[in-house]
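Enquirer: The structure file start05.pdb (PDB, C-alpha atoms and all ligand atoms) is provided below.
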ATOM      1  CA  MET A 197     292.239-154.680 181.958  1.00  0.00           C
ATOM      2  CA  LYS A 198     291.538-156.297 178.625  1.00  0.00           C
ATOM      3  CA  ASN A 199     293.870-155.458 175.775  1.00  0.00           C
ATOM      4  CA  ILE A 200     293.357-153.824 172.403  1.00  0.00           C
ATOM      5  CA  VAL A 201     296.234-154.142 169.919  1.00  0.00           C
ATOM      6  CA  ILE A 202     296.455-151.911 166.838  1.00  0.00           C
ATOM      7  CA  LEU A 203     298.257-152.919 163.633  1.00  0.00           C
ATOM      8  CA  ILE A 204     299.633-150.246 161.303  1.00  0.00           C
ATOM      9  CA  SER A 205     301.893-149.952 158.262  1.00  0.00           C
ATOM     10  CA  GLY A 206     302.220-146.199 157.772  1.00  0.00           C
ATOM     11  CA  SER A 207     301.348-142.829 159.182  1.00  0.00           C
ATOM     12  CA  GLY A 208     299.015-144.271 161.781  1.00  0.00           C
ATOM     13  CA  SER A 209     296.586-141.366 161.859  1.00  0.00           C
ATOM     14  CA  ASN A 210     293.650-143.713 162.508  1.00  0.00           C
ATOM     15  CA  MET A 211     295.651-145.385 165.284  1.00  0.00           C
ATOM     16  CA  ALA A 212     296.305-141.968 166.860  1.00  0.00           C
ATOM     17  CA  ALA A 213     292.607-141.076 166.644  1.00  0.00           C
ATOM     18  CA  ILE A 214     291.728-144.336 168.418  1.00  0.00           C
ATOM     19  CA  VAL A 215     294.361-143.838 171.150  1.00  0.00           C
ATOM     20  CA  GLN A 216     293.120-140.280 171.755  1.00  0.00           C
ATOM     21  CA  ALA A 217     289.499-141.446 171.898  1.00  0.00           C
ATOM     22  CA  ALA A 218     290.454-144.147 174.407  1.00  0.00           C
ATOM     23  CA  GLN A 219     292.011-141.475 176.642  1.00  0.00           C
ATOM     24  CA  GLN A 220     289.407-138.747 176.208  1.00  0.00           C
ATOM     25  CA  ARG A 221     286.403-141.033 176.398  1.00  0.00           C
ATOM     26  CA  ARG A 222     287.819-143.073 179.303  1.00  0.00           C
ATOM     27  CA  TRP A 223     287.595-146.510 177.709  1.00  0.00           C
ATOM     28  CA  GLY A 224     289.574-147.911 180.645  1.00  0.00           C
ATOM     29  CA  ALA A 225     287.014-146.896 183.256  1.00  0.00           C
ATOM     30  CA  ARG A 226     283.969-147.465 181.049  1.00  0.00           C
ATOM     31  CA  PHE A 227     284.859-150.696 179.249  1.00  0.00           C
ATOM     32  CA  GLY A 228     287.858-152.097 181.133  1.00  0.00           C
ATOM     33  CA  VAL A 229     290.158-151.923 178.102  1.00  0.00           C
ATOM     34  CA  GLN A 230     293.506-150.363 177.284  1.00  0.00           C
ATOM     35  CA  ILE A 231     295.456-149.887 174.057  1.00  0.00           C
ATOM     36  CA  ALA A 232     298.230-152.287 175.014  1.00  0.00           C
ATOM     37  CA  ALA A 233     300.399-152.298 171.897  1.00  0.00           C
ATOM     38  CA  VAL A 234     300.921-150.991 168.379  1.00  0.00           C
ATOM     39  CA  VAL A 235     302.523-153.367 165.904  1.00  0.00           C
ATOM     40  CA  SER A 236     303.828-152.486 162.435  1.00  0.00           C
ATOM     41  CA  ASN A 237     305.079-154.620 159.571  1.00  0.00           C
ATOM     42  CA  ARG A 238     307.290-151.696 158.492  1.00  0.00           C
ATOM     43  CA  ALA A 239     310.088-150.235 160.611  1.00  0.00           C
ATOM     44  CA  ASP A 240     309.600-146.815 158.961  1.00  0.00           C
ATOM     45  CA  ALA A 241     305.926-146.488 159.941  1.00  0.00           C
ATOM     46  CA  ALA A 242     305.663-142.931 161.270  1.00  0.00           C
ATOM     47  CA  GLY A 243     302.962-143.899 163.727  1.00  0.00           C
ATOM     48  CA  LEU A 244     305.392-146.013 165.779  1.00  0.00           C
ATOM     49  CA  ALA A 245     307.245-143.063 167.286  1.00  0.00           C
ATOM     50  CA  TRP A 246     303.974-141.332 168.156  1.00  0.00           C
ATOM     51  CA  ALA A 247     302.654-144.447 169.896  1.00  0.00           C
ATOM     52  CA  GLN A 248     305.902-144.888 171.803  1.00  0.00           C
ATOM     53  CA  ASP A 249     305.669-141.272 172.985  1.00  0.00           C
ATOM     54  CA  GLN A 250     302.248-142.133 174.403  1.00  0.00           C
ATOM     55  CA  GLY A 251     303.836-144.883 176.491  1.00  0.00           C
ATOM     56  CA  ILE A 252     302.358-147.675 174.384  1.00  0.00           C
ATOM     57  CA  ALA A 253     304.423-150.809 173.696  1.00  0.00           C
ATOM     58  CA  VAL A 254     305.478-150.884 170.048  1.00  0.00           C
ATOM     59  CA  ALA A 255     306.926-153.665 167.923  1.00  0.00           C
ATOM     60  CA  VAL A 256     308.018-154.169 164.325  1.00  0.00           C
ATOM     61  CA  LEU A 257     307.584-157.498 162.593  1.00  0.00           C
ATOM     62  CA  ASP A 258     309.143-156.943 159.169  1.00  0.00           C
ATOM     63  CA  HIS A 259     307.288-159.166 156.706  1.00  0.00           C
ATOM     64  CA  THR A 260     310.214-159.048 154.248  1.00  0.00           C
ATOM     65  CA  THR A 261     312.314-161.118 156.656  1.00  0.00           C
ATOM     66  CA  TYR A 262     309.869-164.060 156.558  1.00  0.00           C
ATOM     67  CA  ALA A 263     309.954-166.798 153.922  1.00  0.00           C
ATOM     68  CA  SER A 264     306.200-166.900 153.343  1.00  0.00           C
ATOM     69  CA  ARG A 265     302.908-165.199 154.133  1.00  0.00           C
ATOM     70  CA  GLU A 266     302.051-168.097 156.427  1.00  0.00           C
ATOM     71  CA  SER A 267     305.279-167.830 158.454  1.00  0.00           C
ATOM     72  CA  PHE A 268     304.844-164.068 158.866  1.00  0.00           C
ATOM     73  CA  ASP A 269     301.218-164.485 159.886  1.00  0.00           C
ATOM     74  CA  ALA A 270     302.163-167.208 162.373  1.00  0.00           C
ATOM     75  CA  ALA A 271     304.811-164.951 163.966  1.00  0.00           C
ATOM     76  CA  LEU A 272     302.359-162.046 164.098  1.00  0.00           C
ATOM     77  CA  GLN A 273     299.690-164.267 165.642  1.00  0.00           C
ATOM     78  CA  ALA A 274     302.142-165.483 168.300  1.00  0.00           C
ATOM     79  CA  HIS A 275     303.175-161.904 169.102  1.00  0.00           C
ATOM     80  CA  LEU A 276     299.566-160.758 169.402  1.00  0.00           C
ATOM     81  CA  ASP A 277     298.609-163.782 171.500  1.00  0.00           C
ATOM     82  CA  GLY A 278     301.116-162.520 174.059  1.00  0.00           C
ATOM     83  CA  TYR A 279     298.556-159.780 174.776  1.00  0.00           C
ATOM     84  CA  ALA A 280     295.528-162.117 174.715  1.00  0.00           C
ATOM     85  CA  PRO A 281     293.794-159.269 172.845  1.00  0.00           C
ATOM     86  CA  ALA A 282     290.069-158.749 173.272  1.00  0.00           C
ATOM     87  CA  LEU A 283     290.212-156.794 170.009  1.00  0.00           C
ATOM     88  CA  VAL A 284     292.752-156.534 167.171  1.00  0.00           C
ATOM     89  CA  VAL A 285     292.351-153.329 165.173  1.00  0.00           C
ATOM     90  CA  LEU A 286     293.763-153.061 161.653  1.00  0.00           C
ATOM     91  CA  ALA A 287     294.443-149.369 160.995  1.00  0.00           C
ATOM     92  CA  GLY A 288     296.100-148.904 157.629  1.00  0.00           C
ATOM     93  CA  PHE A 289     297.738-152.326 157.958  1.00  0.00           C
ATOM     94  CA  MET A 290     298.666-153.052 154.349  1.00  0.00           C
ATOM     95  CA  ARG A 291     298.884-156.840 154.432  1.00  0.00           C
ATOM     96  CA  ILE A 292     296.472-159.520 153.324  1.00  0.00           C
ATOM     97  CA  LEU A 293     296.067-161.932 156.232  1.00  0.00           C
ATOM     98  CA  SER A 294     295.811-165.680 155.702  1.00  0.00           C
ATOM     99  CA  ALA A 295     292.670-167.625 156.614  1.00  0.00           C
ATOM    100  CA  ASP A 296     294.315-169.284 159.628  1.00  0.00           C
ATOM    101  CA  PHE A 297     295.170-165.896 161.146  1.00  0.00           C
ATOM    102  CA  VAL A 298     291.729-164.476 160.424  1.00  0.00           C
ATOM    103  CA  ASN A 299     289.980-167.535 161.858  1.00  0.00           C
ATOM    104  CA  HIS A 300     292.138-167.458 164.987  1.00  0.00           C
ATOM    105  CA  PHE A 301     290.982-163.900 165.743  1.00  0.00           C
ATOM    106  CA  ALA A 302     287.430-164.353 164.408  1.00  0.00           C
ATOM    107  CA  GLY A 303     284.960-161.954 166.001  1.00  0.00           C
ATOM    108  CA  ARG A 304     287.729-159.792 167.501  1.00  0.00           C
ATOM    109  CA  LEU A 305     289.471-158.576 164.324  1.00  0.00           C
ATOM    110  CA  ILE A 306     288.267-155.392 162.605  1.00  0.00           C
ATOM    111  CA  ASN A 307     289.461-153.175 159.766  1.00  0.00           C
ATOM    112  CA  ILE A 308     288.765-149.800 158.211  1.00  0.00           C
ATOM    113  CA  HIS A 309     288.590-149.543 154.448  1.00  0.00           C
ATOM    114  CA  PRO A 310     288.387-146.218 152.587  1.00  0.00           C
ATOM    115  CA  SER A 311     285.325-146.974 150.459  1.00  0.00           C
ATOM    116  CA  LEU A 312     281.645-147.718 150.895  1.00  0.00           C
ATOM    117  CA  LEU A 313     281.957-151.511 150.912  1.00  0.00           C
ATOM    118  CA  PRO A 314     281.008-153.747 149.238  1.00  0.00           C
ATOM    119  CA  ALA A 315     282.010-151.285 146.488  1.00  0.00           C
ATOM    120  CA  PHE A 316     285.717-150.864 145.770  1.00  0.00           C
ATOM    121  CA  GLY A 317     287.468-153.406 147.932  1.00  0.00           C
ATOM    122  CA  GLY A 318     291.231-153.595 147.399  1.00  0.00           C
ATOM    123  CA  LEU A 319     293.544-150.772 146.382  1.00  0.00           C
ATOM    124  CA  HIS A 320     293.154-147.380 144.617  1.00  0.00           C
ATOM    125  CA  THR A 321     289.623-146.996 145.926  1.00  0.00           C
ATOM    126  CA  HIS A 322     289.451-143.210 145.568  1.00  0.00           C
ATOM    127  CA  GLN A 323     290.564-143.118 141.930  1.00  0.00           C
ATOM    128  CA  ARG A 324     288.230-145.980 141.080  1.00  0.00           C
ATOM    129  CA  ALA A 325     285.278-144.163 142.698  1.00  0.00           C
ATOM    130  CA  ILE A 326     286.126-140.984 140.740  1.00  0.00           C
ATOM    131  CA  ASP A 327     286.553-142.916 137.470  1.00  0.00           C
ATOM    132  CA  MET A 328     283.145-144.566 137.944  1.00  0.00           C
ATOM    133  CA  GLY A 329     281.485-141.174 138.383  1.00  0.00           C
ATOM    134  CA  CYS A 330     280.401-141.945 141.963  1.00  0.00           C
ATOM    135  CA  GLN A 331     278.741-138.991 143.661  1.00  0.00           C
ATOM    136  CA  PHE A 332     279.445-140.359 147.120  1.00  0.00           C
ATOM    137  CA  ALA A 333     282.415-142.084 148.666  1.00  0.00           C
ATOM    138  CA  GLY A 334     283.313-142.904 152.234  1.00  0.00           C
ATOM    139  CA  ALA A 335     284.765-145.395 154.638  1.00  0.00           C
ATOM    140  CA  THR A 336     283.679-148.678 156.187  1.00  0.00           C
ATOM    141  CA  VAL A 337     284.604-150.371 159.455  1.00  0.00           C
ATOM    142  CA  HIS A 338     284.037-154.098 159.152  1.00  0.00           C
ATOM    143  CA  HIS A 339     284.788-157.436 160.736  1.00  0.00           C
ATOM    144  CA  VAL A 340     287.688-159.131 158.975  1.00  0.00           C
ATOM    145  CA  THR A 341     286.920-162.469 157.366  1.00  0.00           C
ATOM    146  CA  ALA A 342     289.017-164.579 155.014  1.00  0.00           C
ATOM    147  CA  ASP A 343     287.210-162.887 152.094  1.00  0.00           C
ATOM    148  CA  LEU A 344     289.191-159.629 151.578  1.00  0.00           C
ATOM    149  CA  ASP A 345     287.199-156.461 152.438  1.00  0.00           C
ATOM    150  CA  HIS A 346     283.954-158.461 152.656  1.00  0.00           C
ATOM    151  CA  GLY A 347     283.289-159.033 156.354  1.00  0.00           C
ATOM    152  CA  PRO A 348     280.085-157.870 158.080  1.00  0.00           C
ATOM    153  CA  ILE A 349     279.862-154.080 158.289  1.00  0.00           C
ATOM    154  CA  LEU A 350     280.005-152.322 161.664  1.00  0.00           C
ATOM    155  CA  ALA A 351     279.827-148.665 160.594  1.00  0.00           C
ATOM    156  CA  GLN A 352     280.084-146.405 157.567  1.00  0.00           C
ATOM    157  CA  ALA A 353     280.650-142.717 156.853  1.00  0.00           C
ATOM    158  CA  VAL A 354     279.674-141.002 153.616  1.00  0.00           C
ATOM    159  CA  VAL A 355     281.353-138.012 151.951  1.00  0.00           C
ATOM    160  CA  PRO A 356     280.483-136.297 148.665  1.00  0.00           C
ATOM    161  CA  VAL A 357     282.700-136.635 145.613  1.00  0.00           C
ATOM    162  CA  LEU A 358     283.130-133.052 144.400  1.00  0.00           C
ATOM    163  CA  PRO A 359     283.533-131.851 140.819  1.00  0.00           C
ATOM    164  CA  GLY A 360     287.202-131.916 139.839  1.00  0.00           C
ATOM    165  CA  ASP A 361     288.157-134.135 142.783  1.00  0.00           C
ATOM    166  CA  THR A 362     291.541-135.806 142.631  1.00  0.00           C
ATOM    167  CA  ALA A 363     292.232-139.079 144.413  1.00  0.00           C
ATOM    168  CA  SER A 364     294.313-137.248 147.000  1.00  0.00           C
ATOM    169  CA  ALA A 365     291.647-134.587 147.680  1.00  0.00           C
ATOM    170  CA  LEU A 366     288.984-137.280 148.061  1.00  0.00           C
ATOM    171  CA  SER A 367     291.314-139.399 150.194  1.00  0.00           C
ATOM    172  CA  ALA A 368     291.896-136.485 152.594  1.00  0.00           C
ATOM    173  CA  ARG A 369     288.138-135.846 152.873  1.00  0.00           C
ATOM    174  CA  VAL A 370     287.494-139.521 153.601  1.00  0.00           C
ATOM    175  CA  LEU A 371     290.383-139.746 156.081  1.00  0.00           C
ATOM    176  CA  THR A 372     288.931-136.934 158.195  1.00  0.00           C
ATOM    177  CA  GLN A 373     285.771-139.000 158.531  1.00  0.00           C
ATOM    178  CA  GLU A 374     287.752-142.182 159.235  1.00  0.00           C
ATOM    179  CA  HIS A 375     289.203-140.479 162.314  1.00  0.00           C
ATOM    180  CA  LEU A 376     285.676-139.980 163.686  1.00  0.00           C
ATOM    181  CA  LEU A 377     284.192-143.237 162.429  1.00  0.00           C
ATOM    182  CA  TYR A 378     286.788-145.734 163.652  1.00  0.00           C
ATOM    183  CA  PRO A 379     286.811-144.729 167.347  1.00  0.00           C
ATOM    184  CA  GLN A 380     283.001-144.527 167.271  1.00  0.00           C
ATOM    185  CA  ALA A 381     282.695-148.012 165.750  1.00  0.00           C
ATOM    186  CA  ILE A 382     285.105-149.458 168.322  1.00  0.00           C
ATOM    187  CA  GLU A 383     283.200-147.784 171.125  1.00  0.00           C
ATOM    188  CA  GLY A 384     279.992-149.322 169.799  1.00  0.00           C
ATOM    189  CA  TRP A 385     281.666-152.738 169.656  1.00  0.00           C
ATOM    190  CA  LEU A 386     282.961-152.308 173.224  1.00  0.00           C
ATOM    191  CA  SER A 387     279.574-151.259 174.571  1.00  0.00           C
ATOM    192  CA  ARG A 388     278.168-154.574 173.266  1.00  0.00           C
ATOM    193  CA  ALA A 389     281.092-156.644 174.584  1.00  0.00           C
ATOM    194  CA  SER A 390     280.173-159.537 176.859  1.00  0.00           C
ATOM    195  CA  TRP A 391     282.305-158.347 179.809  1.00  0.00           C
ATOM    196  CA  VAL A 392     280.972-154.749 179.886  1.00  0.00           C
TER     197      VAL A 392
HETATM  198  C1  LIG B 401     293.358-145.131 155.643  1.00  0.00           C
HETATM  199  O1  LIG B 401     292.732-144.471 154.583  1.00  0.00           O
HETATM  200  C2  LIG B 401     292.790-146.508 155.772  1.00  0.00           C
HETATM  201  O2  LIG B 401     291.423-146.578 155.536  1.00  0.00           O
HETATM  202  C3  LIG B 401     293.540-147.228 154.689  1.00  0.00           C
HETATM  203  O3  LIG B 401     294.860-146.723 154.766  1.00  0.00           O
HETATM  204  C4  LIG B 401     294.820-145.418 155.316  1.00  0.00           C
HETATM  205  C5  LIG B 401     295.687-145.454 156.537  1.00  0.00           C
HETATM  206  O4  LIG B 401     295.953-144.189 157.062  1.00  0.00           O
HETATM  207  N1  LIG B 401     293.427-148.648 154.816  1.00  0.00           N
HETATM  208  P1  LIG B 401     296.630-144.051 158.493  1.00  0.00           P
HETATM  209  O5  LIG B 401     297.876-144.937 158.527  1.00  0.00           O
HETATM  210  O6  LIG B 401     295.632-144.475 159.533  1.00  0.00           O
HETATM  211  O7  LIG B 401     297.000-142.617 158.600  1.00  0.00           O
END
How would this structure read if it were set down as structure tokens?
Ligand code: GRF
Expert:
Amino acid sequence: MKNIVILISGSGSNMAAIVQAAQQRRWGARFGVQIAAVVSNRADAAGLAWAQDQGIAVAVLDHTTYASRESFDAALQAHLDGYAPALVVLAGFMRILSADFVNHFAGRLINIHPSLLPAFGGLHTHQRAIDMGCQFAGATVHHVTADLDHGPILAQAVVPVLPGDTASALSARVLTQEHLLYPQAIEGWLSRASWV
């Protein structure tokens, strides 16, 4: 079995959607992969307990205990290398990763961002889309490159921005689509993988 490792920082709802898709859509039998581990940079990430309940190995690497971004990224890279991951999935992982880390996992490191990239990279995407008067918002699954939120796009989902939308209402509408989009994008990536 080849390994997929998922990185989270918070509630982990995208991670849960991916784990459920892997089970329901038999990624093990079809693509020879398993979700081997979930790693968080925050001990209080709610998704950790859920993943543990599913029998998935979980780990916390607390970035605040490292002297620099580079030393944290090096420790994270070493931990992930223990799984020799075929794919590293960032799912609400709220850390900027250094170029060395990104280059090490080049071609097998993907992220979901809650906007229609290349518009609104970075934070506060929903409020910024509302403030600009956008009529559509959405989410993007993309390869991670050293250029934040700018890697090649794998998949997108579009939702309408409704009159009177707040950032939290729009965020919830986008998140529902993220839960469909991310597993679908990973499945597409797996179906094109060299070993399948
Ligand atoms: C998602 O909107 C994701 O796109 C963004 O952070 C949120 C994470 O949610 N980067 P969850 O932890 O997957 O529930």
Enquirer: Collect all residues with atoms no farther than 9 Å from ligand LIG 401 (chain B), counting only C-alpha atoms and all ligand atoms, and output them as a VMD selection string.
Expert: chain A and resid 204 to 213 241 to 243 286 to 290 307 to 311 319 335 to 337 367 to 368 370 to 371 374 to 375
Enquirer: Using all atoms listed in the file, which residue out of A:Arg388, A:Val298, A:Ala232, A:Asn199 lies closest to Gln250 in chain A?
Expert: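 Counting all atoms listed in the file, the residue closest to Gln250 in chain A is A:Ala232.
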Enquirer: Please, what distance in Å, to one decimal, runs between CA of Thr341 in chain A and CA of Gln273 in chain A?
Expert: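 Separation of CA of Thr341 in chain A and CA of Gln273 in chain A: 15.3 Å.
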Enquirer: Identify which of the residues A:Met197, A:Ala255, A:Ala225, A:Ala218 lies closest to Ala239 in chain A, counting only C-alpha atoms when measuring atom-to-atom distances.
Expert: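 Result for the nearest residue to Ala239 in chain A: A:Ala255.
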Enquirer: If the PyMOL selection byres (((chain A and resi 358) around 12) and not hetatm) is run on the structure shown, which residues does it catch, given as a list in words?
Expert: Ala325, Ile326, Gly329, Cys330, Gln331, Phe332, Ala333, Val355, Pro356, Val357, Pro359, Gly360, Asp361, Thr362, Ala363, Ala365, Leu366, Ser367 and Arg369 of chain A
Enquirer: Please write as an MDAnalysis selection string the full residue list that the PyMOL selection byres (((chain A and resi 260-265) around 10) and not hetatm) yields on this file.
Expert: chainID A and resid 237:238 257:259 266:271 291:294
Enquirer: Using CA of Gln230 in chain A and CA of Ala342 in chain A as the two end points, give the distance in Å to one decimal.
Expert: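 So the answer is 26.8 Å.
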